[in-house]
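In what follows, a structure is listed as structure tokens, so that the remarks can point back to it.
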2 protein chains.
Amino acid sequence: MKNAPDLSAQIAKSIRDAIVSGDLDVGDRLPSEAELSDQFNVSRSTVREALKRLAAQSLIRTQRGATGGAFVNKLRFEDAYGQQITTSALLLSMNAVDFTTACEARFALERACAPLSAQRRTADHLATMRAEITRQAQPGLTDEAFCASDVAFHRALVDGAGNPVLSYQLAGAVEAIEPLMNMITFTARSRDQIVALHQGLADALEARDTDALVTGLDTLAHYTADLGATVAAKQKTPQKGN
Amino acid sequence: MKNAPDLSAQIAKSIRDAIVSGDLDVGDRLPSEAELSDQFNVSRSTVREALKRLAAQSLIRTQRGATGGAFVNKLRFEDAYGQQITTSALLLSMNAVDFTTACEARFALERACAPLSAQRRTADHLATMRAEITRQAQPGLTDEAFCASDVAFHRALVDGAGNPVLSYQLAGAVEAIEPLMNMITFTARSRDQIVALHQGLADALEARDTDALVTGLDTLAHYTADLGATVAAKQKTPQKGN
DNA sequence: ATTTTTCATTTGTCAGACATTTAAACGTCT
DNA sequence: AGACGTTTAAATGTCTGACAAATGAAAAAT
């Protein structure tokens, strides 16, 4: 039962290692596909499949034309967000992670940002949060739009910490549970409640009051978890329609 | 300036969307490459490049032979760790994230796990941590081995929270700064210090004492940051050799 | 009934061709 | 000499056709 991986996978790994180890630097141009097929003694198609693998991970970008080729891509935080979110979302759905667990993780991470955000948040972050609160209070909003605004609100809070690594890590946790959140029908009363809690968070952040911020997050966490539990209980009692 | 992506990228996106949306389920078999090239009206090579892109993200796995084909892969947390770590490591190095920022993020996230871990950690987690402490106290250890053990120790702490989502998110933060940590030469005295702090963490966890755990983590965070700052200062004064 | 053989299906790899894009090299005109 | 259009070479993107290798299922032999 030998487990020899494909040639294209081997070549991709070889190049990937060169990038990770710093052997290839950002902006460096890889040899052309023809040269690579010579070096690795494989056909051009195989090389291309390897390059597509790397492109899928945003490790390289390709450019056509005379001075074109494959270049080592500078991986930016913004580029990584997307993959992070898709992966997290798939992990949640494929491993049947329940709402409670996802919520717990999300608020634990968010609470970790609280002290930093209280200390460093700018007026901009606060303004974004206030704007989202206003939007959330509008009555005609769909559940999806409400959730999207919720995400934007919490991202502003997290970004307030001024640490891109934290923002990156949190993006996965916060945005990946949006699909789960979307399944919750927010009644007018629960929306009012959430908006009020958000207001409290924004106030705490404006006052740079870490304790109030943490307390507010805890309250919101519990309220959200309860909402989720209610929905889960309702879905257990089968209704008409699947 | 139209930005038409490659056909293989379009096809990959199309299939990826079908997976993310749940249109394709885990274990489902995709049409054969020949069928796909018919459906999308492209050549087999183009289809293959699309499939390799998806394979690079662990979204599908392929199998040769009569009943073979491409199957929607169940994305497991363990599978996602690897990508998460490579991506995080590249993000840190390519964006010149300094040790302080990375450290801050790491300990902020870890502190978020502390209450949960204090509550839920099993004897197993504790045993792992004690074992790693013992290893770290051995004098002949290389810096790399010391760092690896450090990672294992902290992973046990994080896993103690019993939340796979948290463990996944943290893996990136904790393991990605290992390369940065490896650049630090740990003197005998600093090692003793760290081992003592680890001992304190294990004790706090054994006693399920959240406050002590958080305090210990804060102390360790500061100590680590200081160590990093010292190294950075030394590297600023150029020595012989580059 | 069991084992062996054959066979069809599917992915993996290769080779060669043509299309398309792009920038540099070249010529031409002012 | 400089500006502007043309050619050209290099590179990726795509297509076609072929063969190799793996693999399970059906067919055949024992």
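Residue numbering restarts at 1 for every chain of the structure tokens, chains are lettered A, B, ... in their displayed order, and ligands are numbered from 1 as they appear.
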
Please provide the set of residues having any atom within 10 Å of DG24 in chain D, restricted to only C-alpha atoms (C1' of nucleotides), with same-chain residues fewer than 4 positions apart removed, written as a PyMOL selection string. (chain B and resi 65-68) or (chain C and resi 8-9)

Given a cut-off of 12 Å, which residues of chain C touch chain B, counting only C-alpha atoms (C1' of nucleotides), written out as a PyMOL selection string? chain C and resi 7-13

Selection to disk with N, CA, C and O atoms (P, O5', C5', C4', C3', O3' and C1' of nucleotides), as a PDB file, in the first residue's frame:
ATOM      1  P    DC C   7     -10.486  -9.621 -22.958  1.00  0.00           P
ATOM      2  O5'  DC C   7     -11.316  -8.456 -22.277  1.00  0.00           O
ATOM      3  C5'  DC C   7     -12.502  -8.774 -21.546  1.00  0.00           C
ATOM      4  C4'  DC C   7     -13.050  -7.507 -20.895  1.00  0.00           C
ATOM      5  C3'  DC C   7     -12.706  -6.215 -21.654  1.00  0.00           C
ATOM      6  O3'  DC C   7     -13.851  -5.402 -21.702  1.00  0.00           O
ATOM      7  C1'  DC C   7     -12.054  -6.020 -19.405  1.00  0.00           C
ATOM      8  P    DA C   8     -14.029  -4.393 -22.919  1.00  0.00           P
ATOM      9  O5'  DA C   8     -14.842  -3.203 -22.226  1.00  0.00           O
ATOM     10  C5'  DA C   8     -15.824  -3.515 -21.233  1.00  0.00           C
ATOM     11  C4'  DA C   8     -15.804  -2.471 -20.131  1.00  0.00           C
ATOM     12  C3'  DA C   8     -15.697  -1.022 -20.622  1.00  0.00           C
ATOM     13  O3'  DA C   8     -16.604  -0.238 -19.887  1.00  0.00           O
ATOM     14  C1'  DA C   8     -13.954  -1.472 -19.071  1.00  0.00           C
ATOM     15  P    DT C   9     -16.921   1.252 -20.334  1.00  0.00           P
ATOM     16  O5'  DT C   9     -16.373   2.096 -19.106  1.00  0.00           O
ATOM     17  C5'  DT C   9     -16.660   1.659 -17.781  1.00  0.00           C
ATOM     18  C4'  DT C   9     -15.776   2.376 -16.785  1.00  0.00           C
ATOM     19  C3'  DT C   9     -15.534   3.864 -17.086  1.00  0.00           C
ATOM     20  O3'  DT C   9     -15.874   4.612 -15.943  1.00  0.00           O
ATOM     21  C1'  DT C   9     -13.496   2.768 -16.623  1.00  0.00           C
ATOM     22  P    DT C  10     -16.154   6.157 -16.038  1.00  0.00           P
ATOM     23  O5'  DT C  10     -14.875   6.768 -15.319  1.00  0.00           O
ATOM     24  C5'  DT C  10     -14.496   6.275 -14.031  1.00  0.00           C
ATOM     25  C4'  DT C  10     -13.063   6.663 -13.737  1.00  0.00           C
ATOM     26  C3'  DT C  10     -12.674   8.047 -14.243  1.00  0.00           C
ATOM     27  O3'  DT C  10     -12.367   8.914 -13.178  1.00  0.00           O
ATOM     28  C1'  DT C  10     -11.007   6.436 -14.733  1.00  0.00           C
ATOM     29  P    DT C  11     -11.926  10.431 -13.505  1.00  0.00           P
ATOM     30  O5'  DT C  11     -10.399  10.403 -13.037  1.00  0.00           O
ATOM     31  C5'  DT C  11     -10.077  10.009 -11.706  1.00  0.00           C
ATOM     32  C4'  DT C  11      -8.614   9.607 -11.622  1.00  0.00           C
ATOM     33  C3'  DT C  11      -7.619  10.759 -11.761  1.00  0.00           C
ATOM     34  O3'  DT C  11      -6.589  10.604 -10.801  1.00  0.00           O
ATOM     35  C1'  DT C  11      -7.146   9.106 -13.357  1.00  0.00           C
ATOM     36  P    DG C  12      -5.413  11.741 -10.692  1.00  0.00           P
ATOM     37  O5'  DG C  12      -4.240  11.161 -11.613  1.00  0.00           O
ATOM     38  C5'  DG C  12      -3.386  10.152 -11.091  1.00  0.00           C
ATOM     39  C4'  DG C  12      -2.182   9.956 -12.013  1.00  0.00           C
ATOM     40  C3'  DG C  12      -1.399  11.238 -12.317  1.00  0.00           C
ATOM     41  O3'  DG C  12      -0.008  10.963 -12.218  1.00  0.00           O
ATOM     42  C1'  DG C  12      -2.067  10.202 -14.330  1.00  0.00           C
ATOM     43  P    DT C  13       1.025  12.169 -12.302  1.00  0.00           P
ATOM     44  O5'  DT C  13       1.462  12.064 -13.823  1.00  0.00           O
ATOM     45  C5'  DT C  13       2.150  10.909 -14.264  1.00  0.00           C
ATOM     46  C4'  DT C  13       2.364  10.977 -15.759  1.00  0.00           C
ATOM     47  C3'  DT C  13       3.038  12.251 -16.265  1.00  0.00           C
ATOM     48  O3'  DT C  13       4.361  11.934 -16.644  1.00  0.00           O
ATOM     49  C1'  DT C  13       1.266  11.510 -17.699  1.00  0.00           C
TER      50       DT C  13
END

Identify, on the basis of only C-alpha atoms (C1' of nucleotides), every residue whose closest approach to DT14 in chain D does not exceed 8 Å; exclude the query and any residue fewer than 4 positions from it along the same chain; express the result as a ChimeraX atom specification. /B:43,46 /C:19

Closest atom pairs, chain D residues within 12 Å of range 24-30 of chain C, only C-alpha atoms (C1' of nucleotides), as CSV:
residue,atom,partner,partner_atom,distance
D:DA1,C1',C:DT30,C1',10.6
D:DG2,C1',C:DT30,C1',9.0
D:DA3,C1',C:DT30,C1',8.3
D:DC4,C1',C:DC29,C1',8.5
D:DG5,C1',C:DT28,C1',8.3
D:DT6,C1',C:DG27,C1',7.9
D:DT7,C1',C:DC26,C1',7.3
D:DT8,C1',C:DA25,C1',7.7
D:DA9,C1',C:DA24,C1',8.8
D:DA10,C1',C:DA24,C1',10.2

DSSP-assigned strand (DSSP E or B) among range 4-111 of chain B, expressed as a list in words: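 The strand (DSSP E or B) residues within range 4-111 of chain B come out as Arg29, Ile60, Arg61, Thr62, Gln63, Gly69, Ala70, Phe71 and Val72 of chain B.
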
I'd like the contact shell of Leu116 in chain B - 9 Å cut-off, only C-alpha atoms (C1' of nucleotides), skipping same-chain residues fewer than 6 positions apart - returned as a ChimeraX atom specification. /A:108 /B:158,160-163,210

Could you turn the residues from that selection into a file that holds all heavy atoms, as a PDB file, in the first residue's frame?
ATOM      1  N   ALA A 108     -15.170  33.704  23.030  1.00  0.00           N
ATOM      2  CA  ALA A 108     -13.911  33.596  23.778  1.00  0.00           C
ATOM      3  C   ALA A 108     -12.830  34.400  23.074  1.00  0.00           C
ATOM      4  O   ALA A 108     -12.079  35.163  23.697  1.00  0.00           O
ATOM      5  CB  ALA A 108     -13.506  32.124  23.888  1.00  0.00           C
TER       6      ALA A 108
ATOM      7  N   VAL B 158      -4.367  24.546  25.297  1.00  0.00           N
ATOM      8  CA  VAL B 158      -5.485  24.997  24.460  1.00  0.00           C
ATOM      9  C   VAL B 158      -6.484  23.868  24.225  1.00  0.00           C
ATOM     10  O   VAL B 158      -7.700  24.069  24.309  1.00  0.00           O
ATOM     11  CB  VAL B 158      -4.953  25.533  23.124  1.00  0.00           C
ATOM     12  CG1 VAL B 158      -6.079  25.749  22.150  1.00  0.00           C
ATOM     13  CG2 VAL B 158      -4.181  26.820  23.347  1.00  0.00           C
ATOM     14  N   GLY B 160      -7.173  21.596  26.103  1.00  0.00           N
ATOM     15  CA  GLY B 160      -7.898  21.369  27.338  1.00  0.00           C
ATOM     16  C   GLY B 160      -9.246  22.065  27.361  1.00  0.00           C
ATOM     17  O   GLY B 160     -10.169  21.639  28.062  1.00  0.00           O
ATOM     18  N   ALA B 161      -9.389  23.098  26.573  1.00  0.00           N
ATOM     19  CA  ALA B 161     -10.666  23.808  26.527  1.00  0.00           C
ATOM     20  C   ALA B 161     -11.751  22.953  25.886  1.00  0.00           C
ATOM     21  O   ALA B 161     -12.937  23.259  25.996  1.00  0.00           O
ATOM     22  CB  ALA B 161     -10.517  25.126  25.768  1.00  0.00           C
ATOM     23  N   GLY B 162     -11.342  21.900  25.202  1.00  0.00           N
ATOM     24  CA  GLY B 162     -12.323  20.971  24.646  1.00  0.00           C
ATOM     25  C   GLY B 162     -13.185  21.568  23.568  1.00  0.00           C
ATOM     26  O   GLY B 162     -14.309  21.153  23.339  1.00  0.00           O
ATOM     27  N   ASN B 163     -12.663  22.573  22.895  1.00  0.00           N
ATOM     28  CA  ASN B 163     -13.414  23.202  21.809  1.00  0.00           C
ATOM     29  C   ASN B 163     -12.570  23.133  20.540  1.00  0.00           C
ATOM     30  O   ASN B 163     -11.598  23.869  20.410  1.00  0.00           O
ATOM     31  CB  ASN B 163     -13.737  24.650  22.178  1.00  0.00           C
ATOM     32  CG  ASN B 163     -14.658  25.307  21.166  1.00  0.00           C
ATOM     33  OD1 ASN B 163     -14.463  25.140  19.973  1.00  0.00           O
ATOM     34  ND2 ASN B 163     -15.649  26.029  21.641  1.00  0.00           N
ATOM     35  N   THR B 210      -8.674  29.483  37.591  1.00  0.00           N
ATOM     36  CA  THR B 210      -8.652  30.337  36.404  1.00  0.00           C
ATOM     37  C   THR B 210      -7.802  31.579  36.609  1.00  0.00           C
ATOM     38  O   THR B 210      -6.996  31.941  35.741  1.00  0.00           O
ATOM     39  CB  THR B 210     -10.084  30.772  36.025  1.00  0.00           C
ATOM     40  OG1 THR B 210     -10.867  29.607  35.779  1.00  0.00           O
ATOM     41  CG2 THR B 210     -10.067  31.644  34.784  1.00  0.00           C
TER      42      THR B 210
END

Per-residue DSSP, range 16-63 of chain A, filtered to helix (DSSP H, G or I), as a PyMOL selection string: chain A and resi 16-20+33-40+44-56

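Of the residues under consideration (A:Thr128, A:Asn95, A:Ser167, A:Ser117), A:Ser167 shows the shortest atom-to-atom contact distance to Ala80 in chain A when counting only C-alpha atoms.
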
For a test of reading the model, state the distance in Å between CA of Leu109 in chain A and CA of Ala114 in chain B, rounded to one decimal.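 So the two atoms, CA of Leu109 in chain A and CA of Ala114 in chain B, lie 11.1 Å apart.
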
Report as JSON lines the residues of chain A within 7 Å of chain B, each with its shortest atom pair and distance in Å (one decimal), using only C-alpha atoms, ordered by chain and increasing residue number.
{"residue": "A:Val20", "atom": "CA", "partner": "B:Leu90", "partner_atom": "CA", "distance": 6.7}
{"residue": "A:Glu49", "atom": "CA", "partner": "B:Glu49", "partner_atom": "CA", "distance": 5.3}
{"residue": "A:Lys52", "atom": "CA", "partner": "B:Arg53", "partner_atom": "CA", "distance": 5.7}
{"residue": "A:Arg53", "atom": "CA", "partner": "B:Arg53", "partner_atom": "CA", "distance": 4.8}
{"residue": "A:Ala56", "atom": "CA", "partner": "B:Arg53", "partner_atom": "CA", "distance": 5.2}
{"residue": "A:Lys74", "atom": "CA", "partner": "B:Met94", "partner_atom": "CA", "distance": 6.4}
{"residue": "A:Leu75", "atom": "CA", "partner": "B:Leu91", "partner_atom": "CA", "distance": 6.0}
{"residue": "A:Arg76", "atom": "CA", "partner": "B:Leu91", "partner_atom": "CA", "distance": 6.6}
{"residue": "A:Phe77", "atom": "CA", "partner": "B:Leu91", "partner_atom": "CA", "distance": 6.7}
{"residue": "A:Leu90", "atom": "CA", "partner": "B:Val20", "partner_atom": "CA", "distance": 6.6}
{"residue": "A:Leu91", "atom": "CA", "partner": "B:Leu75", "partner_atom": "CA", "distance": 6.0}
{"residue": "A:Met94", "atom": "CA", "partner": "B:Lys74", "partner_atom": "CA", "distance": 6.4}
{"residue": "A:Thr101", "atom": "CA", "partner": "B:Asn163", "partner_atom": "CA", "distance": 6.6}
{"residue": "A:Ala102", "atom": "CA", "partner": "B:Val165", "partner_atom": "CA", "distance": 6.7}
{"residue": "A:Ala105", "atom": "CA", "partner": "B:Leu166", "partner_atom": "CA", "distance": 5.5}
{"residue": "A:Ala108", "atom": "CA", "partner": "B:Ala112", "partner_atom": "CA", "distance": 5.2}
{"residue": "A:Leu109", "atom": "CA", "partner": "B:Ala112", "partner_atom": "CA", "distance": 5.8}
{"residue": "A:Arg111", "atom": "CA", "partner": "B:Ala112", "partner_atom": "CA", "distance": 6.8}
{"residue": "A:Ala112", "atom": "CA", "partner": "B:Ala108", "partner_atom": "CA", "distance": 5.2}
{"residue": "A:Cys113", "atom": "CA", "partner": "B:Ala108", "partner_atom": "CA", "distance": 6.9}
{"residue": "A:Asn163", "atom": "CA", "partner": "B:Thr101", "partner_atom": "CA", "distance": 6.6}
{"residue": "A:Val165", "atom": "CA", "partner": "B:Ala105", "partner_atom": "CA", "distance": 6.2}
{"residue": "A:Leu166", "atom": "CA", "partner": "B:Ala105", "partner_atom": "CA", "distance": 5.4}
{"residue": "A:Gln169", "atom": "CA", "partner": "B:Gln169", "partner_atom": "CA", "distance": 6.4}

Put those residues in a file: N, CA, C and O atoms, as an mmCIF file, in the first residue's frame.
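The resulting file, selection_3.cif, is reproduced below:
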data_model
loop_
_atom_site.group_PDB
_atom_site.id
_atom_site.type_symbol
_atom_site.label_atom_id
_atom_site.label_comp_id
_atom_site.auth_asym_id
_atom_site.auth_seq_id
_atom_site.Cartn_x
_atom_site.Cartn_y
_atom_site.Cartn_z
ATOM 1 N N VAL A 20 8.319 28.737 1.402
ATOM 2 C CA VAL A 20 8.194 28.833 2.855
ATOM 3 C C VAL A 20 9.567 29.022 3.511
ATOM 4 O O VAL A 20 9.710 29.788 4.467
ATOM 5 N N GLU A 49 -0.218 21.684 -13.642
ATOM 6 C CA GLU A 49 -1.089 21.248 -12.543
ATOM 7 C C GLU A 49 -0.474 21.610 -11.196
ATOM 8 O O GLU A 49 -1.173 22.018 -10.264
ATOM 9 N N LYS A 52 -0.996 25.288 -10.649
ATOM 10 C CA LYS A 52 -2.382 25.623 -10.310
ATOM 11 C C LYS A 52 -2.641 25.338 -8.842
ATOM 12 O O LYS A 52 -3.399 26.047 -8.173
ATOM 13 N N ARG A 53 -2.021 24.273 -8.342
ATOM 14 C CA ARG A 53 -2.166 23.975 -6.910
ATOM 15 C C ARG A 53 -1.656 25.139 -6.081
ATOM 16 O O ARG A 53 -2.289 25.559 -5.110
ATOM 17 N N ALA A 56 -3.892 28.123 -6.214
ATOM 18 C CA ALA A 56 -5.093 27.976 -5.395
ATOM 19 C C ALA A 56 -4.833 28.400 -3.964
ATOM 20 O O ALA A 56 -5.753 28.773 -3.250
ATOM 21 N N LYS A 74 2.925 37.977 -2.790
ATOM 22 C CA LYS A 74 2.931 38.444 -1.411
ATOM 23 C C LYS A 74 1.576 38.163 -0.793
ATOM 24 O O LYS A 74 0.563 38.714 -1.217
ATOM 25 N N LEU A 75 1.560 37.282 0.154
ATOM 26 C CA LEU A 75 0.317 36.895 0.796
ATOM 27 C C LEU A 75 -0.097 38.004 1.747
ATOM 28 O O LEU A 75 0.580 38.278 2.728
ATOM 29 N N ARG A 76 -1.215 38.649 1.436
ATOM 30 C CA ARG A 76 -1.684 39.719 2.312
ATOM 31 C C ARG A 76 -2.765 39.181 3.233
ATOM 32 O O ARG A 76 -3.444 38.219 2.914
ATOM 33 N N PHE A 77 -2.941 39.858 4.324
ATOM 34 C CA PHE A 77 -3.970 39.432 5.271
ATOM 35 C C PHE A 77 -5.333 39.411 4.595
ATOM 36 O O PHE A 77 -6.106 38.470 4.769
ATOM 37 N N LEU A 90 -16.619 25.511 6.142
ATOM 38 C CA LEU A 90 -16.718 24.104 5.782
ATOM 39 C C LEU A 90 -16.427 23.211 6.981
ATOM 40 O O LEU A 90 -17.071 22.182 7.168
ATOM 41 N N LEU A 91 -15.451 23.594 7.771
ATOM 42 C CA LEU A 91 -15.137 22.804 8.961
ATOM 43 C C LEU A 91 -16.359 22.704 9.860
ATOM 44 O O LEU A 91 -16.696 21.630 10.362
ATOM 45 N N MET A 94 -19.148 20.521 7.980
ATOM 46 C CA MET A 94 -18.808 19.119 7.715
ATOM 47 C C MET A 94 -18.571 18.330 8.991
ATOM 48 O O MET A 94 -18.671 17.114 9.000
ATOM 49 N N THR A 101 -20.935 25.372 20.489
ATOM 50 C CA THR A 101 -19.484 25.306 20.429
ATOM 51 C C THR A 101 -18.915 26.456 19.615
ATOM 52 O O THR A 101 -17.940 27.101 20.018
ATOM 53 N N ALA A 102 -19.528 26.697 18.455
ATOM 54 C CA ALA A 102 -19.042 27.767 17.595
ATOM 55 C C ALA A 102 -19.158 29.117 18.293
ATOM 56 O O ALA A 102 -18.247 29.945 18.252
ATOM 57 N N ALA A 105 -16.510 29.551 21.027
ATOM 58 C CA ALA A 105 -15.198 29.889 20.472
ATOM 59 C C ALA A 105 -15.172 31.347 20.032
ATOM 60 O O ALA A 105 -14.238 32.098 20.326
ATOM 61 N N ALA A 108 -15.170 33.704 23.030
ATOM 62 C CA ALA A 108 -13.911 33.596 23.778
ATOM 63 C C ALA A 108 -12.830 34.400 23.074
ATOM 64 O O ALA A 108 -12.079 35.163 23.697
ATOM 65 N N LEU A 109 -12.753 34.251 21.750
ATOM 66 C CA LEU A 109 -11.740 34.973 20.999
ATOM 67 C C LEU A 109 -12.005 36.467 21.030
ATOM 68 O O LEU A 109 -11.084 37.279 21.165
ATOM 69 N N ARG A 111 -13.537 38.152 23.292
ATOM 70 C CA ARG A 111 -13.230 38.693 24.606
ATOM 71 C C ARG A 111 -11.725 38.915 24.750
ATOM 72 O O ARG A 111 -11.272 39.819 25.453
ATOM 73 N N ALA A 112 -10.967 38.084 24.059
ATOM 74 C CA ALA A 112 -9.512 38.239 24.127
ATOM 75 C C ALA A 112 -9.080 39.576 23.527
ATOM 76 O O ALA A 112 -8.062 40.151 23.911
ATOM 77 N N CYS A 113 -9.862 40.068 22.588
ATOM 78 C CA CYS A 113 -9.528 41.344 21.952
ATOM 79 C C CYS A 113 -9.959 42.537 22.790
ATOM 80 O O CYS A 113 -9.463 43.654 22.580
ATOM 81 N N ASN A 163 -4.384 44.799 15.889
ATOM 82 C CA ASN A 163 -3.436 43.701 15.692
ATOM 83 C C ASN A 163 -3.907 42.853 14.514
ATOM 84 O O ASN A 163 -4.883 42.112 14.636
ATOM 85 N N VAL A 165 -2.910 40.222 13.165
ATOM 86 C CA VAL A 165 -2.945 38.772 13.381
ATOM 87 C C VAL A 165 -4.250 38.388 14.067
ATOM 88 O O VAL A 165 -4.918 37.430 13.677
ATOM 89 N N LEU A 166 -4.622 39.149 15.062
ATOM 90 C CA LEU A 166 -5.891 38.884 15.741
ATOM 91 C C LEU A 166 -7.059 39.047 14.782
ATOM 92 O O LEU A 166 -7.964 38.211 14.741
ATOM 93 N N GLN A 169 -7.277 36.012 12.536
ATOM 94 C CA GLN A 169 -7.756 34.806 13.206
ATOM 95 C C GLN A 169 -9.248 34.918 13.505
ATOM 96 O O GLN A 169 -10.011 33.973 13.351
#
